[in-house]
file upload-v2.txt (compact mmCIF, C-alpha atoms)
# COMPACT_ATOMS: atom_id res chain seq x y z
CA MET A 1380 111.83 120.44 90.13
CA ASP A 1381 111.17 120.00 93.82
CA ILE A 1382 109.17 117.23 95.50
CA PRO A 1383 105.81 119.08 95.76
CA THR A 1384 106.03 119.86 92.03
CA LEU A 1385 106.81 116.22 91.32
CA LYS A 1386 103.78 115.07 93.30
CA GLN A 1387 101.61 117.53 91.42
CA GLN A 1388 102.95 116.42 88.05
CA LEU A 1389 102.58 112.74 88.80
CA LYS A 1390 98.92 113.41 89.53
CA THR A 1391 98.19 115.34 86.40
CA ALA A 1392 100.71 114.68 83.65
CA SER A 1393 101.89 111.38 82.19
CA THR A 1394 105.03 109.93 83.67
CA ALA A 1395 108.43 110.45 82.13
CA GLN A 1396 110.58 107.46 81.21
CA VAL A 1397 113.52 108.31 83.40
CA TYR A 1398 113.73 110.28 86.62
CA LEU A 1399 116.80 111.29 88.53
CA VAL A 1400 116.27 112.16 92.18
CA LEU A 1401 119.43 113.93 93.21
CA GLY A 1402 120.33 115.25 96.65
CA THR A 1403 121.61 114.26 100.07
CA GLN A 1404 118.47 114.87 102.17
CA SER A 1405 117.33 111.31 102.87
CA GLU A 1406 113.88 112.41 104.02
CA LEU A 1407 113.28 113.98 100.62
CA GLN A 1408 114.67 110.93 98.80
CA ASN A 1409 112.14 108.92 100.73
CA GLU A 1410 109.27 111.26 99.89
CA ALA A 1411 110.11 111.06 96.18
CA ARG A 1412 110.19 107.28 96.33
CA GLN A 1413 106.81 107.21 98.08
CA ALA A 1414 105.36 109.61 95.50
CA PHE A 1415 106.31 107.18 92.71
CA LEU A 1416 105.11 104.15 94.61
CA THR A 1417 101.63 105.55 95.20
CA LEU A 1418 101.13 105.55 91.42
CA ILE A 1419 101.11 101.79 91.36
CA PRO A 1420 98.18 99.91 92.84
CA GLU A 1421 99.12 97.97 95.95
CA GLU A 1422 98.36 94.57 94.41
CA GLU A 1423 100.59 95.20 91.40
CA ARG A 1424 103.64 96.28 93.32
CA VAL A 1425 105.08 92.83 93.84
CA MET A 1426 105.18 92.15 90.13
CA ASN A 1427 105.69 95.56 88.69
CA VAL A 1428 108.03 97.32 91.04
CA ALA A 1429 111.61 96.29 91.22
CA SER A 1430 114.06 97.90 93.56
CA PHE A 1431 117.81 97.56 93.44
CA ASP A 1432 120.66 98.79 95.52
CA LEU A 1433 123.46 99.44 93.10
CA GLU A 1434 125.98 99.07 95.88
CA GLU A 1435 125.08 95.39 95.71
CA THR A 1436 123.41 94.62 92.39
CA PRO A 1437 125.25 94.70 89.08
CA LEU A 1438 123.81 97.29 86.74
CA ALA A 1439 123.28 94.60 84.11
CA THR A 1440 120.86 92.68 86.35
CA ALA A 1441 118.93 95.79 87.29
CA LEU A 1442 118.61 97.00 83.72
CA ALA A 1443 117.58 93.58 82.45
CA ASP A 1444 114.62 93.88 84.78
CA ALA A 1445 113.87 97.35 83.50
CA LYS A 1446 113.81 96.02 79.94
CA ALA A 1447 111.63 93.03 80.72
CA ALA A 1448 108.03 93.25 79.54
CA PRO A 1449 105.62 94.28 82.26
CA PHE A 1450 103.72 91.47 83.91
CA PHE A 1451 100.27 93.00 84.10
CA TRP A 1452 99.29 94.37 80.82
CA MET B 1457 94.26 100.06 76.70
CA ASN B 1458 94.63 103.77 77.08
CA GLY B 1459 97.82 105.69 77.67
CA GLY B 1460 96.88 106.33 81.26
CA TRP B 1461 97.35 102.69 82.05
CA SER B 1462 100.42 101.78 80.13
CA PHE B 1463 102.89 103.75 82.16
CA TYR B 1464 101.68 102.05 85.30
CA LYS B 1465 103.01 98.74 84.19
CA ASN B 1466 106.56 98.03 84.83
CA ARG B 1467 108.31 100.43 87.09
CA VAL B 1468 111.83 99.84 88.09
CA PHE B 1469 113.42 101.62 90.95
CA LEU B 1470 117.13 101.77 91.11
CA THR B 1471 118.18 102.56 94.61
CA GLY B 1472 121.48 103.42 96.13
CA SER B 1473 124.70 104.61 94.59
CA THR B 1474 124.17 105.53 91.03
CA SER B 1475 127.10 107.84 90.72
CA ARG B 1476 130.78 107.62 91.53
CA GLY B 1477 131.45 104.23 93.08
CA SER B 1478 128.77 102.21 91.44
CA LEU B 1479 128.23 103.79 88.08
CA LYS B 1480 131.77 102.69 87.56
CA GLN B 1481 130.47 99.18 87.54
CA ASP B 1482 129.69 99.80 83.87
CA PRO B 1483 128.30 103.19 82.95
CA ALA B 1484 128.05 102.12 79.30
CA LEU B 1485 125.15 99.82 80.19
CA LEU B 1486 123.12 102.66 81.65
CA GLN B 1487 124.05 104.85 78.73
CA ASP B 1488 122.71 102.21 76.35
CA TYR B 1489 119.49 102.06 78.28
CA LEU B 1490 119.13 105.83 78.30
CA ALA B 1491 119.53 105.87 74.54
CA HIS B 1492 116.64 103.40 74.18
CA PRO B 1493 114.47 103.50 77.29
CA GLU B 1494 111.85 100.77 77.61
CA LEU B 1495 108.49 102.28 76.75
CA ASN B 1496 106.49 100.64 79.50
CA THR B 1497 109.00 101.18 82.21
CA THR B 1498 109.65 104.17 84.35
CA LEU B 1499 113.16 104.15 85.63
CA VAL B 1500 113.79 106.06 88.81
CA LEU B 1501 117.33 106.66 89.92
CA LEU B 1502 117.71 107.66 93.54
CA ALA B 1503 121.07 109.35 93.95
CA PRO B 1504 121.79 110.52 97.49
CA TYR B 1505 124.63 112.80 96.44
CA GLU B 1506 125.29 116.48 96.24
CA LYS B 1507 125.92 116.27 92.51
CA LEU B 1508 127.00 113.87 89.81
CA ASP B 1509 130.25 114.11 87.93
CA GLY B 1510 129.21 116.34 85.03
CA ARG B 1511 132.26 115.45 82.95
CA LYS B 1512 131.22 111.84 82.51
CA ALA B 1513 129.39 110.88 79.34
CA VAL B 1514 126.80 108.89 81.27
CA THR B 1515 125.96 111.92 83.42
CA LYS B 1516 125.51 114.02 80.31
CA ALA B 1517 123.19 111.39 78.82
CA LEU B 1518 121.27 111.23 82.09
CA LYS B 1519 120.84 115.00 82.30
CA LYS B 1520 119.51 114.98 78.76
CA VAL B 1521 116.98 112.17 79.18
CA ALA B 1522 115.98 112.20 82.83
CA VAL B 1523 113.57 114.50 84.60
CA GLU B 1524 115.56 115.79 87.54
CA VAL B 1525 113.96 115.97 90.96
CA SER B 1526 115.82 117.81 93.68
CA ALA B 1527 116.35 116.17 97.07
CA ALA B 1528 118.95 118.69 98.14
CA PRO B 1529 118.81 119.80 101.78
CA LEU B 1530 116.20 122.50 102.24
CA ALA B 1531 117.12 125.99 103.31
CA GLU B 1532 115.68 127.06 106.63
CA ARG B 1533 112.79 128.97 105.09
CA GLN B 1534 111.76 126.10 102.80
CA ALA B 1535 112.03 123.61 105.65
CA ARG B 1536 109.76 125.73 107.84
CA LEU B 1537 107.26 126.02 105.03
CA ALA B 1538 107.28 122.31 104.22
CA ILE B 1539 106.80 121.33 107.87
CA GLU B 1540 104.05 123.87 108.37
CA GLN B 1541 102.21 122.63 105.28
CA ARG B 1542 102.58 119.04 106.39
CA ALA B 1543 100.99 119.93 109.72
CA GLN B 1544 98.28 122.00 108.07
CA VAL B 1545 97.22 119.19 105.73
CA GLN B 1546 96.43 117.15 108.82
CA GLY B 1547 94.57 120.03 110.45
CA PHE B 1548 97.25 121.18 112.88
CA HIS B 1549 99.01 124.47 113.26
CA PHE B 1550 102.01 125.82 115.11
CA GLU B 1551 101.54 128.26 117.97
CA SER B 1552 103.62 131.41 117.60
CA GLY B 1553 107.20 130.65 118.62
CA ALA B 1554 106.77 126.89 118.42
CA MET B 1555 108.27 126.63 114.93
CA ASP B 1556 111.22 128.79 116.00
CA GLU B 1557 111.82 126.42 118.87
CA LEU B 1558 111.70 123.40 116.56
CA VAL B 1559 114.12 125.03 114.12
CA LYS B 1560 116.48 125.90 116.95
CA ARG B 1561 116.48 122.42 118.41
CA THR B 1562 116.96 120.62 115.10
CA ASN B 1563 119.44 123.08 113.61
CA ALA B 1564 116.84 123.61 110.86
CA ASP B 1565 117.54 120.10 109.53
CA TYR B 1566 114.48 119.04 107.53
CA GLY B 1567 114.95 115.32 108.17
CA GLN B 1568 115.09 115.84 111.92
CA MET B 1569 112.15 118.22 111.87
CA MET B 1570 110.06 115.62 110.03
CA ASN B 1571 111.18 112.98 112.50
CA TYR B 1572 109.88 114.92 115.46
CA LEU B 1573 106.77 116.18 113.69
CA SER B 1574 104.99 112.85 114.05
CA SER B 1575 105.36 112.80 117.82
CA LEU B 1576 104.40 116.48 118.00
CA LEU B 1577 101.23 115.78 116.02
CA LEU B 1578 100.41 112.84 118.24
CA TYR B 1579 100.90 114.95 121.37
CA ALA B 1580 98.75 117.76 119.98
CA HIS B 1581 96.07 115.32 118.87
CA ASP B 1582 93.21 116.86 120.86
CA GLU B 1583 93.96 120.58 120.63
CA GLU B 1584 95.38 120.45 117.10
CA VAL B 1585 97.82 123.18 118.13
CA ILE B 1586 101.53 122.51 118.45
CA THR B 1587 102.72 124.57 121.38
CA LYS B 1588 106.18 125.86 122.14
CA ALA B 1589 106.06 123.91 125.39
CA ALA B 1590 105.36 120.69 123.48
CA VAL B 1591 108.38 121.27 121.25
CA ALA B 1592 110.56 122.02 124.28
CA GLY B 1593 109.32 118.84 125.94
CA LEU B 1594 109.48 116.44 123.01
CA VAL B 1595 112.46 117.54 120.94
CA PRO B 1596 115.76 117.06 122.75
CA GLN B 1597 118.48 119.66 122.56
CA SER B 1598 121.85 118.49 121.39
CA LEU B 1599 124.98 119.31 123.34
CA ASP B 1600 125.82 121.98 120.76
CA GLU B 1601 122.56 123.82 121.30
CA ASN B 1602 122.77 123.57 125.07
CA VAL B 1603 126.27 124.93 124.88
CA PHE B 1604 124.99 127.68 122.62
CA ASP B 1605 122.75 128.86 125.46
CA LEU B 1606 125.73 128.64 127.76
CA VAL B 1607 127.81 130.78 125.39
CA GLN B 1608 125.07 133.43 125.46
CA ALA B 1609 125.00 133.42 129.24
CA VAL B 1610 128.78 133.75 129.42
CA LEU B 1611 128.84 136.65 126.98
CA GLN B 1612 126.03 138.45 128.75
CA ARG B 1613 127.86 137.88 132.03
CA ARG B 1614 124.85 136.25 133.62
CA GLN B 1615 127.02 134.15 135.91
CA GLY B 1616 124.22 132.53 137.86
CA GLN B 1617 122.52 131.30 134.72
CA ALA B 1618 125.83 130.17 133.22
CA MET B 1619 126.59 128.06 136.31
CA ASP B 1620 123.08 126.64 136.20
CA LEU B 1621 123.45 125.58 132.59
CA TYR B 1622 126.88 124.14 133.27
CA GLN B 1623 125.55 122.07 136.15
CA GLN B 1624 122.69 120.84 133.98
CA LEU B 1625 125.16 119.66 131.38
CA ILE B 1626 127.20 117.85 134.01
CA ALA B 1627 124.01 116.33 135.40
CA ALA B 1628 123.21 115.12 131.87
CA GLN B 1629 126.43 113.07 131.99
CA GLN B 1630 128.44 115.36 129.73
CA GLN B 1631 132.18 115.27 130.28
CA PRO B 1632 133.72 118.57 131.48
CA LEU B 1633 136.42 118.32 128.84
CA GLN B 1634 133.86 117.83 126.12
CA ILE B 1635 131.73 120.74 127.29
CA ASN B 1636 134.83 122.88 127.34
CA ALA B 1637 135.79 121.71 123.84
CA VAL B 1638 132.38 122.59 122.44
CA LEU B 1639 132.57 125.99 124.16
CA VAL B 1640 135.97 126.60 122.60
CA SER B 1641 134.67 125.65 119.17
CA GLN B 1642 131.61 127.89 119.55
CA PHE B 1643 133.79 130.85 120.46
CA ARG B 1644 136.11 130.03 117.57
CA LEU B 1645 133.12 130.17 115.24
CA LEU B 1646 131.99 133.49 116.74
CA ILE B 1647 135.46 134.95 116.25
CA GLN B 1648 135.67 133.70 112.66
CA VAL B 1649 132.22 135.04 111.84
CA LYS B 1650 132.98 138.39 113.50
CA ILE B 1651 136.19 138.84 111.51
CA LEU B 1652 134.63 137.82 108.20
CA ALA B 1653 131.58 140.03 108.83
CA GLN B 1654 133.86 142.97 109.57
CA ARG B 1655 135.45 142.39 106.18
CA GLY B 1656 132.02 142.90 104.70
CA LEU B 1657 131.28 139.31 103.65
CA SER B 1658 127.64 138.25 103.37
CA GLU B 1659 126.01 135.52 105.41
CA SER B 1660 126.07 133.05 102.53
CA THR B 1661 129.70 133.75 101.66
CA ILE B 1662 130.71 133.24 105.29
CA THR B 1663 128.80 129.94 105.35
CA LYS B 1664 130.67 128.78 102.26
CA GLN B 1665 134.04 129.92 103.55
CA LEU B 1666 133.68 128.27 106.95
CA LYS B 1667 131.82 125.18 105.67
CA VAL B 1668 129.50 125.08 108.67
CA HIS B 1669 125.72 124.79 108.89
CA PRO B 1670 124.01 127.94 107.55
CA TYR B 1671 121.79 128.15 110.60
CA ARG B 1672 124.79 128.23 112.94
CA VAL B 1673 126.25 131.10 110.94
CA LYS B 1674 122.97 132.97 111.10
CA LEU B 1675 122.82 132.64 114.89
CA ALA B 1676 126.49 133.53 115.22
CA LEU B 1677 125.99 136.69 113.19
CA GLN B 1678 123.12 137.73 115.44
CA THR B 1679 125.28 137.13 118.51
CA VAL B 1680 128.50 138.81 117.47
CA ARG B 1681 126.79 142.06 116.53
CA GLN B 1682 126.59 142.94 120.23
CA TYR B 1683 130.15 142.07 121.20
CA GLN B 1684 133.65 143.35 120.61
CA LEU B 1685 136.18 141.07 119.02
CA ALA B 1686 138.45 141.62 122.04
CA ALA B 1687 135.79 140.20 124.39
CA LEU B 1688 135.41 137.10 122.22
CA PHE B 1689 139.18 136.57 122.19
CA LYS B 1690 139.32 136.91 125.98
CA ALA B 1691 136.64 134.30 126.42
CA GLN B 1692 138.42 131.98 123.99
CA MET B 1693 141.76 132.43 125.78
CA GLY B 1694 140.13 131.87 129.16
CA LEU B 1695 138.61 128.62 127.94
CA VAL B 1696 141.91 127.40 126.52
CA THR B 1697 143.49 128.05 129.91
CA THR B 1698 140.64 126.12 131.52
CA GLU B 1699 141.27 123.23 129.15
CA GLN B 1700 144.92 123.17 130.08
CA GLN B 1701 144.06 123.06 133.76
CA LEU B 1702 141.43 120.39 133.24
CA LYS B 1703 144.11 118.25 131.68
CA SER B 1704 147.03 119.03 133.97
CA THR B 1705 145.48 119.43 137.42
CA THR B 1706 143.02 117.50 139.54
CA ARG B 1707 140.98 120.54 140.45
CA ASP B 1708 137.21 120.35 140.33
CA PRO B 1709 135.98 121.11 136.78
CA GLU B 1710 133.05 123.09 138.11
CA LEU B 1711 135.38 125.25 140.15
CA LEU B 1712 137.60 125.83 137.13
CA PHE B 1713 134.61 126.88 135.08
CA GLN B 1714 133.49 129.23 137.83
CA MET B 1715 136.96 130.78 137.91
CA PHE B 1716 136.82 131.27 134.17
CA LEU B 1717 133.46 133.01 134.51
CA LEU B 1718 134.74 135.33 137.23
CA GLN B 1719 137.90 136.23 135.35
CA PHE B 1720 136.05 136.81 132.11
CA SER B 1721 133.46 139.05 133.74
CA ARG B 1722 136.13 141.07 135.57
CA GLN B 1723 138.26 141.56 132.45
CA ALA B 1724 135.32 142.54 130.38
CA GLN B 1725 134.17 145.25 132.71
call {"tool": "encode", "arguments": {"input": "upload-v2.txt", "output": "structure tokens"}}
result
Amino acid sequence: MDIPTLKQQLKTASTAQVYLVLGTQSELQNEARQAFLTLIPEEERVMNVASFDLEETPLATALADAKAAPFFW
Amino acid sequence: MNGGWSFYKNRVFLTGSTSRGSLKQDPALLQDYLAHPELNTTLVLLAPYEKLDGRKAVTKALKKVAVEVSAAPLAERQARLAIEQRAQVQGFHFESGAMDELVKRTNADYGQMMNYLSSLLLYAHDEEVITKAAVAGLVPQSLDENVFDLVQAVLQRRQGQAMDLYQQLIAAQQQPLQINAVLVSQFRLLIQVKILAQRGLSESTITKQLKVHPYRVKLALQTVRQYQLAALFKAQMGLVTTEQQLKSTTRDPELLFQMFLLQFSRQAQ
């Protein structure tokens, strides 16, 4: 799907467990990232959003965070 | 707690290389996760690549589980549409010709168009109309596009305008050798496009074959329709001669360019 469709779906449908945003246009990568971020209330972002650069972070560390129980329940 | 809330809870963004280089760090780990994704977590993989290696097991697993969102570069038409909508949402619209100018100056690159849109919107704040003049004033032309205008002037044998454009480029601190090199490469593209078009290839096939920006091919096709292959070759040869003289003599570059113009116009007549 394209980014507008994604935005639409995030508004209406429930979120999927895994998304893959694939493509070289950095502006679009950014828009997708923003679309996901807006789903999470500002005050919960610190606790409930984790961001990793896999050029630098081992996959094990990143996935451990993904598996951890959410902070706000 | 209703379902609407639960998926909010623990979102993990994985940024950066997720294919090639870094998935090699241990793809099995990601594969494990994909087999048993954490219920309360949404995992978002941002992969700034053209495509992932479809032969790898982890890619197959990913394609099966993940919802794929495309961030591939937009074609010219989609880019125009997206920019126009973005402006519309904020109550602005493009004057006729203004979008064409923006596309021309950014080579139809969506990222660049978005970049300049914010300053265009700011400039048009009161009128809420983005004018062609605003685009011309706020979005700089790259050397390639300036040279493109120069190529047109040369081909149409408008010598006065060609000299004007050349002097503007020099005034903008461009090196004569570099201008000449870009001219040569533009004419090379025109020749390639002309030959391939004569063989009956479509615009998209030519783009693939030459591996250049689709928008450049589109413009080149429009240009070459009006000119003979022989004229393009003559211009190319003339420019190569100019390059040789730029490198081997101390004559004034502007004079050399003028001589090229005169010779080309005379030959072509």
call {"tool": "residues_around", "arguments": {"input": "upload-v2.txt", "residues": "region 1380-1386 of chain A", "least_positions_apart": "4", "cutoff": "12 Å", "atoms": "only C-alpha atoms", "output": "mmCIF file with C-alpha atoms, keeping the file's coordinate frame"}}
result
data_model
loop_
_atom_site.group_PDB
_atom_site.id
_atom_site.type_symbol
_atom_site.label_atom_id
_atom_site.label_comp_id
_atom_site.auth_asym_id
_atom_site.auth_seq_id
_atom_site.Cartn_x
_atom_site.Cartn_y
_atom_site.Cartn_z
ATOM 1 C CA LYS A 1390 98.920 113.410 89.530
ATOM 2 C CA THR A 1391 98.190 115.340 86.400
ATOM 3 C CA ALA A 1392 100.710 114.680 83.650
ATOM 4 C CA SER A 1393 101.890 111.380 82.190
ATOM 5 C CA THR A 1394 105.030 109.930 83.670
ATOM 6 C CA ALA A 1395 108.430 110.450 82.130
ATOM 7 C CA TYR A 1398 113.730 110.280 86.620
ATOM 8 C CA LEU A 1399 116.800 111.290 88.530
ATOM 9 C CA VAL A 1400 116.270 112.160 92.180
ATOM 10 C CA LEU A 1401 119.430 113.930 93.210
ATOM 11 C CA GLY A 1402 120.330 115.250 96.650
ATOM 12 C CA GLN A 1404 118.470 114.870 102.170
ATOM 13 C CA GLU A 1406 113.880 112.410 104.020
ATOM 14 C CA LEU A 1407 113.280 113.980 100.620
ATOM 15 C CA GLN A 1408 114.670 110.930 98.800
ATOM 16 C CA ASN A 1409 112.140 108.920 100.730
ATOM 17 C CA GLU A 1410 109.270 111.260 99.890
ATOM 18 C CA ALA A 1411 110.110 111.060 96.180
ATOM 19 C CA ARG A 1412 110.190 107.280 96.330
ATOM 20 C CA GLN A 1413 106.810 107.210 98.080
ATOM 21 C CA ALA A 1414 105.360 109.610 95.500
ATOM 22 C CA PHE A 1415 106.310 107.180 92.710
ATOM 23 C CA LEU A 1416 105.110 104.150 94.610
ATOM 24 C CA THR A 1417 101.630 105.550 95.200
ATOM 25 C CA LEU A 1418 101.130 105.550 91.420
ATOM 26 C CA ALA B 1522 115.980 112.200 82.830
ATOM 27 C CA VAL B 1523 113.570 114.500 84.600
ATOM 28 C CA GLU B 1524 115.560 115.790 87.540
ATOM 29 C CA VAL B 1525 113.960 115.970 90.960
ATOM 30 C CA SER B 1526 115.820 117.810 93.680
ATOM 31 C CA ALA B 1527 116.350 116.170 97.070
ATOM 32 C CA ALA B 1528 118.950 118.690 98.140
ATOM 33 C CA PRO B 1529 118.810 119.800 101.780
ATOM 34 C CA LEU B 1530 116.200 122.500 102.240
ATOM 35 C CA GLN B 1534 111.760 126.100 102.800
ATOM 36 C CA LEU B 1537 107.260 126.020 105.030
ATOM 37 C CA ALA B 1538 107.280 122.310 104.220
ATOM 38 C CA GLN B 1541 102.210 122.630 105.280
ATOM 39 C CA ARG B 1542 102.580 119.040 106.390
#
call {"tool": "closest_residue", "arguments": {"input": "upload-v2.txt", "among": "A:Ile1419, A:Ala1439, A:Phe1431, A:Lys1446", "to": "Leu1389 (chain A)", "atoms": "all atoms listed in the file"}}
result
A:Ile1419
call {"tool": "atom_distance", "arguments": {"input": "upload-v2.txt", "atom1": "CA of Ala1637 (chain B)", "atom2": "CA of Leu1702 (chain B)"}}
result
11.0 Å
call {"tool": "closest_residue", "arguments": {"input": "upload-v2.txt", "among": "B:Leu1685, B:Ala1535, B:Leu1499, B:Ala1590", "to": "chain A", "atoms": "only C-alpha atoms"}}
result
B:Leu1499
call {"tool": "residues_around", "arguments": {"input": "upload-v2.txt", "residues": "region 1665-1674 of chain B", "least_positions_apart": "5", "cutoff": "8 Å", "atoms": "all atoms listed in the file", "output": "PDB file with C-alpha atoms, in the frame of the given file"}}
result
ATOM      1  CA  GLU B1532     115.680 127.060 106.630  1.00  0.00           C
ATOM      2  CA  ASN B1563     119.440 123.080 113.610  1.00  0.00           C
ATOM      3  CA  ALA B1564     116.840 123.610 110.860  1.00  0.00           C
ATOM      4  CA  VAL B1649     132.220 135.040 111.840  1.00  0.00           C
ATOM      5  CA  GLU B1659     126.010 135.520 105.410  1.00  0.00           C
ATOM      6  CA  SER B1660     126.070 133.050 102.530  1.00  0.00           C
TER       7      SER B1660
END
call {"tool": "atom_distance", "arguments": {"input": "upload-v2.txt", "atom1": "CA of Gln1615 (chain B)", "atom2": "CA of Leu1695 (chain B)"}}
result
15.1 Å
call {"tool": "axis_aligned_box", "arguments": {"input": "upload-v2.txt", "around": "region 1687-1696 of chain B", "padding_each_side": "4 Å", "output": "lines of an AutoDock Vina configuration file"}}
result
center_x = 138.7
center_y = 133.8
center_z = 125.7
size_x = 14.5
size_y = 20.8
size_z = 15.0
call {"tool": "atom_distance", "arguments": {"input": "upload-v2.txt", "atom1": "CA of Gly1547 (chain B)", "atom2": "CA of Tyr1572 (chain B)"}}
result
16.9 Å
call {"tool": "residues_around", "arguments": {"input": "upload-v2.txt", "residues": "Val1696 (chain B)", "least_positions_apart": "4", "cutoff": "12 Å", "atoms": "only C-alpha atoms", "output": "number ranges by chain"}}
result
B: 1633, 1636-1641, 1643-1644, 1689-1692, 1700-1703, 1712-1713, 1716
call {"tool": "closest_residue", "arguments": {"input": "upload-v2.txt", "among": "B:Leu1577, B:Leu1501, B:Leu1594, B:Leu1677", "to": "chain A", "atoms": "all atoms listed in the file"}}
result
B:Leu1501
call {"tool": "closest_residue", "arguments": {"input": "upload-v2.txt", "among": "A:Gln1387, A:Thr1440, A:Val1397, A:Glu1422", "to": "chain B", "atoms": "only C-alpha atoms"}}
result
A:Val1397
call {"tool": "closest_residue", "arguments": {"input": "upload-v2.txt", "among": "B:Asp1565, B:Glu1540, B:Glu1557, B:Asp1620", "to": "chain A", "atoms": "all atoms listed in the file"}}
result
B:Asp1565
